[in-house]
Amino acid sequence: MDAFVGTGVALITPFKEDLSVDSEALASLVKDQIENGIDYLVVLGTTAESATLKQEEKELVKSVVKKANEGKLPLVLGIGGNNTAGVIEELKSADLDGFDAILSVSPYYNKPTQEGVFRHFKAVSEASPLPIILYNVPGRTSSNVLPETINRIARELDNVIGVKEAAGDIVQAMKLISLVPEDFKVISGDDMITLPMTLAGGKGVISVIGQGLPREFSDMVRAGLDGRVKDAYELHYRIAPSIDLIFAEGNPAGIKALLAKKGMISNVLRLPLVEASENLQSRINAFMEKF
């Protein structure tokens with residue numbers, strides 16, 4: 001399968017009770033993804049709580065993932081921000097050995113115009129030695145990258161190969177798929193609408209629930225890509241309640257509660273994020289027992 005088609009997973013960063021990075025749990029998580037059919041891994045995205053990691057911890061996470069992966073799956077590294085010059089500097093100074101692409105979020109907080117977003121990605125793509133997947137997540141950035149802007153980026157910036165589209169809007173996603181060139185990958189960034197987006201011509205997902213239910217979720221995406229609609233929707237409706245649960249109190253609190261229930265990690269987050277409430281944890285546990 002073509003790289004970055006199918007199910008990518010946005011890896012969490014497991015922490016020990018003392019809030020240090022749990023390298024052992026992270027390595028086990030990576031191996032679990034490989035064994036259960038995940039197609040590629042995204043390292044140091046939002047789900048990794050990367051905003052709370054020191055630089056040396058980021059380097060540790062990168063090395064643990066690379067070692068555990070053993071070159072088996074393509075690796076995507078999150079490098080983005082709202083200071084274009086800072087993103088360029090990080091791209092030039094970062095150790096990108098072993099990574100296959102960059103996931104770069106549209107600038108948050110500053111609320112650039114569509115022209116500003118285009119020029120940001122033009123500058124970033126010119127500086128990047130690796131292909132770039134643009135990340136559109138208006139719920140976090142406070143600015144939506146419109147389908148027309150992404151189409152312009154796709155056609156004018158050769159180094160931008162796809163978009164993680166997480167506006168949660170299936171109509172916008174379909175418009176985007178209809179506009180961009182055939183080889184430009186429109187990847188769902190929203191677990192709940194992954195299947196309809198894939199069936200509409202998308203290339204799969206960068207998922208959160210995928211790391212908790214890797215076998216079932218990657219089977220669903222594969223069925224969608226193969227056009228096995230009935231099989232795909234059967235899996236979708238089995239998995240769907242867990243998606244609502246893991247995002248009920250924000251990400252990655254929910255997925256960490258689910259992985260803790262599976263015995264894979266300690267249920268620890270770094271402030272300002274906190275663990276899921278006891279009520280939500282008990283609902284996640286009940287779902288997993290039934291599942």
# chains A, B, ... in the order shown; residues from 1 in each chain; ligands from 1
$ residues_around --residues "Ser242 of chain A" --least-positions-apart "6" --cutoff "10 Å" --atoms "only C-alpha atoms" --output "short mmCIF file (atom, residue, chain, number, x, y, z; two decimals) with N, CA, C and O atoms, in the first residue's frame"
data_model
loop_
_atom_site.label_atom_id
_atom_site.label_comp_id
_atom_site.auth_asym_id
_atom_site.auth_seq_id
_atom_site.Cartn_x
_atom_site.Cartn_y
_atom_site.Cartn_z
N MET A 192 -14.74 9.82 13.95
CA MET A 192 -16.14 9.48 13.72
C MET A 192 -16.54 9.55 12.25
O MET A 192 -17.40 8.79 11.81
N ILE A 209 -8.48 6.82 18.31
CA ILE A 209 -9.04 5.54 18.78
C ILE A 209 -8.29 4.36 18.17
O ILE A 209 -8.23 3.28 18.77
N GLY A 212 -6.11 2.45 20.43
CA GLY A 212 -6.77 1.66 21.46
C GLY A 212 -7.43 0.41 20.90
O GLY A 212 -7.48 -0.62 21.56
N LEU A 213 -7.95 0.53 19.67
CA LEU A 213 -8.61 -0.59 18.99
C LEU A 213 -7.97 -0.77 17.61
O LEU A 213 -8.64 -0.65 16.57
N ALA A 248 -15.03 12.73 25.06
CA ALA A 248 -16.02 13.41 25.92
C ALA A 248 -15.38 14.45 26.83
O ALA A 248 -15.99 15.47 27.14
N GLY A 254 -9.21 10.71 27.26
CA GLY A 254 -10.04 9.53 27.00
C GLY A 254 -9.26 8.32 26.52
O GLY A 254 -9.44 7.21 27.01
N ILE A 255 -8.38 8.54 25.54
CA ILE A 255 -7.62 7.41 25.00
C ILE A 255 -6.65 6.87 26.05
O ILE A 255 -6.39 5.66 26.13
N LEU A 258 -8.61 4.57 28.23
CA LEU A 258 -8.87 3.30 27.54
C LEU A 258 -7.62 2.42 27.53
O LEU A 258 -7.69 1.21 27.81
N ARG A 283 -17.39 4.39 32.36
CA ARG A 283 -18.11 4.17 31.11
C ARG A 283 -17.18 3.58 30.04
O ARG A 283 -17.59 2.70 29.27
N ILE A 284 -15.94 4.06 30.00
CA ILE A 284 -14.95 3.50 29.06
C ILE A 284 -14.67 2.04 29.42
O ILE A 284 -14.63 1.17 28.55
N PHE A 287 -17.52 -0.14 28.32
CA PHE A 287 -17.48 -0.35 26.88
C PHE A 287 -16.46 -1.42 26.51
O PHE A 287 -16.74 -2.34 25.73
N MET A 288 -15.26 -1.32 27.09
CA MET A 288 -14.18 -2.25 26.76
C MET A 288 -14.52 -3.68 27.19
O MET A 288 -14.21 -4.64 26.47
N PHE A 291 -17.00 -4.84 24.62
CA PHE A 291 -16.37 -4.92 23.29
C PHE A 291 -15.55 -6.21 23.18
O PHE A 291 -15.54 -6.85 22.16
#
$ residues_around --residues "Thr13 of chain A" --least-positions-apart "2" --cutoff "8 Å" --atoms "only C-alpha atoms" --output "ChimeraX atom specification"
/A:11,15,21-22,26,47-49,61
$ atom_distance --atom1 "atom CA of Ala240 of chain A" --atom2 "atom CA of Gly263 of chain A"
21.8 Å
$ select_by_dssp --residues "segment 117-240 of chain A" --states "strand (DSSP E)" --output "PyMOL selection string"
chain A and resi 132-136+160-165+185-188+204-207
$ write_last_selection --atoms "C-alpha atoms" --output "PDB file, in the first residue's frame"
ATOM      1  CA  ILE A 132       4.609  17.710   4.446  1.00  0.00           C
ATOM      2  CA  ILE A 133       1.083  16.743   5.491  1.00  0.00           C
ATOM      3  CA  LEU A 134      -0.859  19.899   6.362  1.00  0.00           C
ATOM      4  CA  TYR A 135      -3.044  19.630   9.476  1.00  0.00           C
ATOM      5  CA  ASN A 136      -6.338  21.539   9.495  1.00  0.00           C
ATOM      6  CA  VAL A 160       2.896  19.253   0.470  1.00  0.00           C
ATOM      7  CA  ILE A 161       1.525  15.774  -0.267  1.00  0.00           C
ATOM      8  CA  GLY A 162      -1.662  15.663   1.786  1.00  0.00           C
ATOM      9  CA  VAL A 163      -3.886  17.102   4.478  1.00  0.00           C
ATOM     10  CA  LYS A 164      -5.105  15.766   7.797  1.00  0.00           C
ATOM     11  CA  GLU A 165      -8.589  17.262   7.617  1.00  0.00           C
ATOM     12  CA  LYS A 185      -4.017  12.632   0.054  1.00  0.00           C
ATOM     13  CA  VAL A 186      -7.080  13.803   1.970  1.00  0.00           C
ATOM     14  CA  ILE A 187      -6.745  12.036   5.336  1.00  0.00           C
ATOM     15  CA  SER A 188      -9.440  12.154   8.007  1.00  0.00           C
ATOM     16  CA  GLY A 204      -7.893   6.881   5.410  1.00  0.00           C
ATOM     17  CA  VAL A 205      -7.166   8.476   8.764  1.00  0.00           C
ATOM     18  CA  ILE A 206      -4.708   9.727  11.333  1.00  0.00           C
ATOM     19  CA  SER A 207      -6.546   8.306  14.307  1.00  0.00           C
TER      20      SER A 207
END
$ select_by_dssp --residues "segment 7-249 of chain A" --states "alpha helix (DSSP H)" --output "MDAnalysis selection string"
chainID A and resid 23:35 55:69 84:93 114:127 138:141 147:156 170:179 194:199 214:225 229:247
$ closest_residue --among "A:Ser28, A:Thr113, A:Ser23, A:Asn36" --to "Lys62 of chain A" --atoms "only C-alpha atoms"
A:Ser23
$ closest_residue --among "A:Gly168, A:Gly116, A:Gly202, A:Gly81" --to "Val5 of chain A" --atoms "only C-alpha atoms"
A:Gly202
$ residues_around --residues "Pro252 of chain A" --least-positions-apart "2" --cutoff "9 Å" --atoms "only C-alpha atoms" --output "number ranges by chain"
A: 12, 46-49, 208, 246-247, 249-250, 254-257, 269, 273, 275
$ write_last_selection --atoms "all heavy atoms" --output "compact mmCIF listing (two decimals), in the first residue's frame"
# COMPACT_ATOMS: atom_id res chain seq x y z
N ILE A 12 0.14 8.60 21.67
CA ILE A 12 0.21 9.31 22.95
C ILE A 12 1.66 9.25 23.47
O ILE A 12 2.48 8.49 22.96
CB ILE A 12 -0.71 8.66 24.01
CG1 ILE A 12 -0.29 7.20 24.25
CG2 ILE A 12 -2.16 8.77 23.65
CD1 ILE A 12 -0.47 6.74 25.66
N THR A 46 -0.43 16.54 18.58
CA THR A 46 -1.17 17.08 19.73
C THR A 46 -1.48 15.99 20.75
O THR A 46 -1.39 16.21 21.97
CB THR A 46 -2.52 17.68 19.26
OG1 THR A 46 -2.29 18.46 18.09
CG2 THR A 46 -3.13 18.56 20.33
N THR A 47 -1.85 14.80 20.26
CA THR A 47 -2.22 13.68 21.13
C THR A 47 -1.07 13.25 22.03
O THR A 47 -1.28 12.67 23.10
CB THR A 47 -2.71 12.49 20.26
OG1 THR A 47 -3.79 12.95 19.44
CG2 THR A 47 -3.18 11.31 21.08
N ALA A 48 0.16 13.55 21.61
CA ALA A 48 1.36 13.20 22.39
C ALA A 48 1.62 14.18 23.52
O ALA A 48 2.64 14.04 24.22
CB ALA A 48 2.57 13.13 21.47
N GLU A 49 0.72 15.15 23.72
CA GLU A 49 0.95 16.20 24.71
C GLU A 49 2.30 16.88 24.46
O GLU A 49 3.02 17.26 25.39
CB GLU A 49 0.88 15.64 26.14
CG GLU A 49 -0.50 15.11 26.52
CD GLU A 49 -0.54 14.43 27.88
OE1 GLU A 49 -0.46 15.11 28.92
OE2 GLU A 49 -0.64 13.17 27.89
N VAL A 208 -6.98 8.61 16.65
CA VAL A 208 -6.70 8.49 18.09
C VAL A 208 -7.21 7.14 18.59
O VAL A 208 -6.47 6.37 19.19
CB VAL A 208 -7.36 9.66 18.87
CG1 VAL A 208 -7.14 9.48 20.37
CG2 VAL A 208 -6.77 10.99 18.42
N ILE A 246 -14.09 8.58 24.19
CA ILE A 246 -12.70 9.03 24.38
C ILE A 246 -12.53 10.53 24.16
O ILE A 246 -11.55 11.11 24.63
CB ILE A 246 -11.66 8.25 23.55
CG1 ILE A 246 -11.83 8.50 22.06
CG2 ILE A 246 -11.66 6.77 23.92
CD1 ILE A 246 -10.58 8.18 21.25
N PHE A 247 -13.49 11.16 23.46
CA PHE A 247 -13.38 12.61 23.26
C PHE A 247 -14.29 13.41 24.19
O PHE A 247 -14.31 14.64 24.13
CB PHE A 247 -13.66 12.97 21.79
CG PHE A 247 -12.56 12.51 20.87
CD1 PHE A 247 -12.76 11.44 20.00
CD2 PHE A 247 -11.32 13.12 20.88
CE1 PHE A 247 -11.75 11.00 19.16
CE2 PHE A 247 -10.29 12.69 20.04
CZ PHE A 247 -10.51 11.63 19.18
N GLU A 249 -14.16 14.21 27.28
CA GLU A 249 -13.47 15.17 28.16
C GLU A 249 -12.13 15.59 27.56
O GLU A 249 -11.19 15.93 28.27
CB GLU A 249 -13.30 14.57 29.56
CG GLU A 249 -14.63 14.38 30.29
CD GLU A 249 -14.49 13.71 31.65
OE1 GLU A 249 -13.34 13.51 32.13
OE2 GLU A 249 -15.54 13.38 32.24
N GLY A 250 -12.07 15.55 26.24
CA GLY A 250 -10.86 16.04 25.56
C GLY A 250 -9.84 14.94 25.31
O GLY A 250 -9.88 13.87 25.90
N GLY A 254 -9.21 10.71 27.26
CA GLY A 254 -10.04 9.53 27.00
C GLY A 254 -9.26 8.32 26.52
O GLY A 254 -9.44 7.21 27.01
N ILE A 255 -8.38 8.54 25.54
CA ILE A 255 -7.62 7.41 25.00
C ILE A 255 -6.65 6.87 26.05
O ILE A 255 -6.39 5.66 26.13
CB ILE A 255 -6.89 7.77 23.68
CG1 ILE A 255 -6.31 6.52 23.00
CG2 ILE A 255 -5.80 8.81 23.87
CD1 ILE A 255 -7.31 5.47 22.56
N LYS A 256 -6.14 7.74 26.91
CA LYS A 256 -5.25 7.26 27.99
C LYS A 256 -6.04 6.40 28.98
O LYS A 256 -5.52 5.38 29.46
CB LYS A 256 -4.54 8.43 28.68
CG LYS A 256 -3.36 8.97 27.87
CD LYS A 256 -2.43 9.84 28.70
CE LYS A 256 -1.05 9.94 28.04
NZ LYS A 256 -0.10 10.75 28.81
N ALA A 257 -7.28 6.78 29.27
CA ALA A 257 -8.12 5.97 30.17
C ALA A 257 -8.37 4.59 29.55
O ALA A 257 -8.31 3.57 30.23
CB ALA A 257 -9.44 6.67 30.45
N LEU A 269 -1.53 12.21 32.96
CA LEU A 269 -1.38 13.31 32.01
C LEU A 269 -0.63 14.45 32.68
O LEU A 269 -0.51 14.48 33.90
CB LEU A 269 -2.74 13.81 31.53
CG LEU A 269 -3.53 12.86 30.63
CD1 LEU A 269 -4.45 11.97 31.45
CD2 LEU A 269 -4.35 13.62 29.58
N LEU A 273 -3.65 19.44 31.31
CA LEU A 273 -4.60 18.34 31.11
C LEU A 273 -4.65 17.46 32.35
O LEU A 273 -3.65 17.31 33.06
CB LEU A 273 -4.21 17.51 29.88
CG LEU A 273 -4.14 18.29 28.56
CD1 LEU A 273 -3.83 17.34 27.41
CD2 LEU A 273 -5.42 19.05 28.28
N GLU A 275 -6.55 13.64 34.08
CA GLU A 275 -7.13 12.35 33.69
C GLU A 275 -8.66 12.45 33.61
O GLU A 275 -9.27 13.35 34.20
CB GLU A 275 -6.71 11.24 34.67
CG GLU A 275 -7.26 11.33 36.07
CD GLU A 275 -6.50 12.31 36.98
OE1 GLU A 275 -5.53 12.95 36.51
OE2 GLU A 275 -6.89 12.42 38.16
$ residues_around --residues "Asn69 of chain A" --least-positions-apart "5" --cutoff "8 Å" --atoms "only C-alpha atoms" --output "tab-separated table (two decimals) with C-alpha atoms, in the first residue's frame"
chain	number	residue	atom	x	y	z
A	30	VAL	CA	4.44	0.91	19.07
A	31	LYS	CA	4.86	-2.87	18.81
A	34	ILE	CA	2.60	-2.92	14.22
$ atom_distance --atom1 "atom CA of Ala94 of chain A" --atom2 "atom CA of Asp190 of chain A"
28.1 Å
$ residues_around --residues "Gly80 of chain A" --least-positions-apart "3" --cutoff "7 Å" --atoms "only C-alpha atoms" --output "list in words"
Val87, Ser104 and Val105 of chain A
$ write_last_selection --atoms "C-alpha atoms" --output "mmCIF file, in the first residue's frame"
data_model
loop_
_atom_site.group_PDB
_atom_site.id
_atom_site.type_symbol
_atom_site.label_atom_id
_atom_site.label_comp_id
_atom_site.auth_asym_id
_atom_site.auth_seq_id
_atom_site.Cartn_x
_atom_site.Cartn_y
_atom_site.Cartn_z
ATOM 1 C CA VAL A 87 8.905 26.238 12.411
ATOM 2 C CA SER A 104 2.471 20.517 10.282
ATOM 3 C CA VAL A 105 -0.518 22.221 11.884
#
$ residues_around --residues "Val229 of chain A" --least-positions-apart "5" --cutoff "12 Å" --atoms "only C-alpha atoms" --output "list in words"
Leu195, Pro196, Thr198, Leu199, Ala200, Asp219, Met220, Val221, Arg222, Ala223, Gly224, Glu234, Leu235 and His236 of chain A
$ write_last_selection --atoms "N, CA, C and O atoms" --output "short mmCIF file (atom, residue, chain, number, x, y, z; two decimals), in the first residue's frame"
data_model
loop_
_atom_site.label_atom_id
_atom_site.label_comp_id
_atom_site.auth_asym_id
_atom_site.auth_seq_id
_atom_site.Cartn_x
_atom_site.Cartn_y
_atom_site.Cartn_z
N LEU A 195 -14.88 6.82 8.09
CA LEU A 195 -15.41 5.91 7.07
C LEU A 195 -16.12 6.66 5.95
O LEU A 195 -15.80 6.45 4.77
N PRO A 196 -17.09 7.57 6.25
CA PRO A 196 -17.69 8.30 5.13
C PRO A 196 -16.69 9.09 4.31
O PRO A 196 -16.79 9.16 3.09
N THR A 198 -13.53 8.27 3.80
CA THR A 198 -12.79 7.29 3.00
C THR A 198 -13.63 6.83 1.82
O THR A 198 -13.14 6.76 0.67
N LEU A 199 -14.90 6.54 2.05
CA LEU A 199 -15.79 6.10 0.98
C LEU A 199 -16.01 7.20 -0.05
O LEU A 199 -16.29 6.92 -1.22
N ALA A 200 -15.87 8.47 0.37
CA ALA A 200 -16.05 9.60 -0.55
C ALA A 200 -14.78 9.87 -1.38
O ALA A 200 -14.78 10.77 -2.22
N ASP A 219 -9.01 -2.53 10.25
CA ASP A 219 -9.84 -3.39 9.39
C ASP A 219 -10.98 -2.59 8.76
O ASP A 219 -11.31 -2.78 7.59
N MET A 220 -11.60 -1.70 9.56
CA MET A 220 -12.68 -0.87 9.04
C MET A 220 -12.19 0.02 7.90
O MET A 220 -12.84 0.11 6.84
N VAL A 221 -11.05 0.67 8.10
CA VAL A 221 -10.52 1.57 7.07
C VAL A 221 -10.15 0.79 5.81
O VAL A 221 -10.46 1.21 4.69
N ARG A 222 -9.56 -0.39 6.00
CA ARG A 222 -9.19 -1.22 4.86
C ARG A 222 -10.43 -1.63 4.06
O ARG A 222 -10.44 -1.60 2.84
N ALA A 223 -11.48 -2.02 4.80
CA ALA A 223 -12.73 -2.39 4.14
C ALA A 223 -13.30 -1.20 3.36
O ALA A 223 -13.79 -1.36 2.24
N GLY A 224 -13.21 -0.01 3.95
CA GLY A 224 -13.68 1.20 3.26
C GLY A 224 -12.89 1.47 2.00
O GLY A 224 -13.46 1.76 0.93
N GLU A 234 -20.36 -2.19 9.53
CA GLU A 234 -20.57 -3.06 10.71
C GLU A 234 -19.51 -2.75 11.77
O GLU A 234 -19.81 -2.62 12.96
N LEU A 235 -18.27 -2.63 11.33
CA LEU A 235 -17.19 -2.30 12.26
C LEU A 235 -17.34 -0.88 12.80
O LEU A 235 -17.15 -0.64 14.00
N HIS A 236 -17.71 0.05 11.92
CA HIS A 236 -17.89 1.44 12.35
C HIS A 236 -18.88 1.54 13.52
O HIS A 236 -18.61 2.20 14.53
#
